[in-house]
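Comments concern the structure below.
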Amino acid sequence: LTPIHTCTHCCALFIESWYSPSLCCVVPPGCPWLWDNLTCWQPARVGEVVVVSCPELFIQFMSEEDDGHDNYYYFCLYTPLGKLSRNCTEGGWSETFPHYVDACMFDEPNGTHEHPDMYYVSVKALYTVGYSTSLVSLCTAMVILCRFRKLHCTRNFIHMNLFVSFILRAISVFIKDGVLYAEEDSNHCFLHTVECKVVMVFFHYCVLSNYFWLFIEGLYLFTLLVETFFPERRYFYWYTIIGWGTPTICVVIWAVLRLHFDDIGCWDMNDNAGIWWVIKGPVLASIMINFVLFIGIIIILVQKLQSPDIGGNESSIYLRLARSTLLLIPLFGIHYTVFAFSPEDVSKRERLVFELGLGSFQGFVVAVLYCFLNGEVQSEIKRKWRSWTVNRYFAVDLKHRHPSLASSGVNGGTQLSILSKSSSQIRMSSLQAESPAT
């Protein structure tokens, strides 16, 4: 069945139950279920106004006009559905206001139809490249931080959890695109399988976890500057609970509410604002708190840089402050505050480019700043490299000078240990010989 036939069948069942013979053919007061060949209107009492979204059939129609199945994916995700209303009067349902054509057809201001194919395809290509780059760089950074034990500390453990949240976010985006929009057909918005709902739950969990670990990065740095001594290990335990546990609770509550009150489609549309705030509320709260922590840290840095204990002229102080500020912006996710509190239907194109396009590179920037360009990481890598080259040089040198040792099965590491032991014994014997003379 096509989506329009499915909706017609569902509405027919509601109408049939409304006039059920078990009710002795008594029609309840008010306006009954109504199917106007496009939308199913639920019953209402006299004086009530029923407001519904435009039928998703219009999105399908507009995407087909743009001559491409992929366009339907972007219409489905990013095109706001208009609103329709009917008033229940004593004489029955009123006419639809506004008209379907006025509310549901997406036009340019000059009256010509909008062709978003190249724009949305460019946005998809941009965030695909961004998340792929971030995924590779973050995995490399995780290997480096896990490989060297001297880098194991609370600060880097928090960085590693943030890296994992970015990795999961990138993976969830690719899984969502692969599962929801794998087939090039016109039914993306009408998917309602368990598989796609689980994917959306996983996607929201990864995104929410990423925001919470950005918040923890800010909280940890602020605590580090404010408090002189604090138990980092115990704090890290609570950081872990907040970073991974709180998103779990929020997403479970959201999934239960969607299942019982808004089990429509694949859960990728958020028409019910009350339920959507279960996810949106914690995200906005983390962004707002992180912004406050960011301002507080900048104030502390200004006070510390202006201290007489720190040398340098005024220009060098402002240079350090600017560099510190630029380093903190991607770590705190401050760029999310640009559109965080604006309505979702305002500056939609700019929001897409900023949050999807540029935001997809945030993981790459964080990995570069806090791993690849980190002085501690670089010095540890250089130390390991020097140690490896020295050991390799001595192993090759001993192999050429003492072929008998090499052929006897003694490896380079054993040869070095024998030489070090013999040299220590020679030094000890020389000291014992000199001690009676003194």
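By order of appearance in the structure tokens: chains A, B, ..., then residues from 1 within every chain, and ligands from 1 in the order shown.
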
Original post:
Which polymer residues have any atom within 9 Å of an atom of A:Gly130, counting only C-alpha atoms, with same-chain residues fewer than 5 positions away left out, as JSON, numbers by chain?
Top reply: {"A": [125, 135, 356, 357, 358, 359, 360, 361, 362, 363, 364]}

Original post:
Near A:Gly92, within 8 Å and counting only C-alpha atoms, which residues show up once chain neighbours fewer than 2 positions away are dropped, as a PyMOL selection string?
Top reply: chain A and resi 30-31+88-90+94

Same residues, all heavy atoms, output as a JSON list (two decimals), in the first residue's frame:
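The resulting selection-v4.json:
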```json
[["chain", "number", "residue", "atom", "x", "y", "z"],
["A", 30, "GLY", "N", -20.60, 16.76, 18.72],
["A", 30, "GLY", "CA", -19.43, 17.40, 18.17],
["A", 30, "GLY", "C", -19.19, 17.00, 16.73],
["A", 30, "GLY", "O", -20.12, 16.60, 16.01],
["A", 31, "CYS", "N", -17.95, 17.09, 16.31],
["A", 31, "CYS", "CA", -17.58, 16.77, 14.93],
["A", 31, "CYS", "C", -16.88, 15.41, 14.90],
["A", 31, "CYS", "O", -15.94, 15.19, 15.67],
["A", 31, "CYS", "CB", -16.67, 17.85, 14.36],
["A", 31, "CYS", "SG", -17.43, 19.49, 14.31],
["A", 88, "CYS", "N", -14.48, 23.25, 14.71],
["A", 88, "CYS", "CA", -15.68, 22.43, 14.89],
["A", 88, "CYS", "C", -16.83, 23.34, 15.32],
["A", 88, "CYS", "O", -16.82, 23.89, 16.43],
["A", 88, "CYS", "CB", -15.44, 21.34, 15.93],
["A", 88, "CYS", "SG", -16.87, 20.26, 16.20],
["A", 89, "THR", "N", -17.80, 23.53, 14.43],
["A", 89, "THR", "CA", -18.96, 24.39, 14.72],
["A", 89, "THR", "C", -20.21, 23.54, 14.93],
["A", 89, "THR", "O", -20.18, 22.31, 14.76],
["A", 89, "THR", "CB", -19.18, 25.37, 13.55],
["A", 89, "THR", "OG1", -19.53, 24.61, 12.37],
["A", 89, "THR", "CG2", -17.90, 26.17, 13.27],
["A", 90, "GLU", "N", -21.32, 24.19, 15.27],
["A", 90, "GLU", "CA", -22.57, 23.45, 15.46],
["A", 90, "GLU", "C", -23.06, 22.85, 14.14],
["A", 90, "GLU", "O", -23.77, 21.85, 14.13],
["A", 90, "GLU", "CB", -23.64, 24.38, 16.05],
["A", 90, "GLU", "CG", -23.30, 24.84, 17.46],
["A", 90, "GLU", "CD", -24.40, 25.72, 18.03],
["A", 90, "GLU", "OE1", -25.35, 26.04, 17.27],
["A", 90, "GLU", "OE2", -24.30, 26.09, 19.22],
["A", 94, "SER", "N", -15.60, 23.29, 9.74],
["A", 94, "SER", "CA", -15.42, 24.44, 8.86],
["A", 94, "SER", "C", -14.46, 24.08, 7.73],
["A", 94, "SER", "O", -13.91, 22.97, 7.69],
["A", 94, "SER", "CB", -14.86, 25.63, 9.65],
["A", 94, "SER", "OG", -13.55, 25.33, 10.13]]
```

**OP:** Have a look at atom CA of A:Arg149 and atom CA of A:Glu380 and let me know their distance in Å, one decimal.
**Re:**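 Between atom CA of A:Arg149 and atom CA of A:Glu380 the gap is 9.7 Å.
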
**OP:** Using only C-alpha atoms, pick whichever of A:Lys197, A:Phe212, A:Tyr336, A:Asn156 has the shortest atom-to-atom distance to A:Met269.
**Re:** A:Lys197

**OP:** Give me the residues within 8 Å of stretch 175-177 of chain A as a VMD selection string, counting only C-alpha atoms and dropping any in the same chain fewer than 5 places off.
**Re:** chain A and resid 182 196 199 to 200 203

Please produce a file of the residues just selected, as an mmCIF file, in the first residue's frame, where the atoms kept are C-alpha atoms.
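Output below, filename part_4.cif:
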```
data_model
loop_
_atom_site.group_PDB
_atom_site.id
_atom_site.type_symbol
_atom_site.label_atom_id
_atom_site.label_comp_id
_atom_site.auth_asym_id
_atom_site.auth_seq_id
_atom_site.Cartn_x
_atom_site.Cartn_y
_atom_site.Cartn_z
ATOM 1 C CA ALA A 182 19.467 3.151 1.918
ATOM 2 C CA CYS A 196 14.806 2.561 12.161
ATOM 3 C CA VAL A 199 18.658 3.678 15.037
ATOM 4 C CA MET A 200 17.054 7.004 15.977
ATOM 5 C CA PHE A 203 21.539 8.506 17.255
#
```

Original post:
Which residue, A:Val50, A:Val251, A:Val390, A:Leu301, has the smallest gap to A:Phe202 when you use only C-alpha atoms?
Top reply: A:Val251
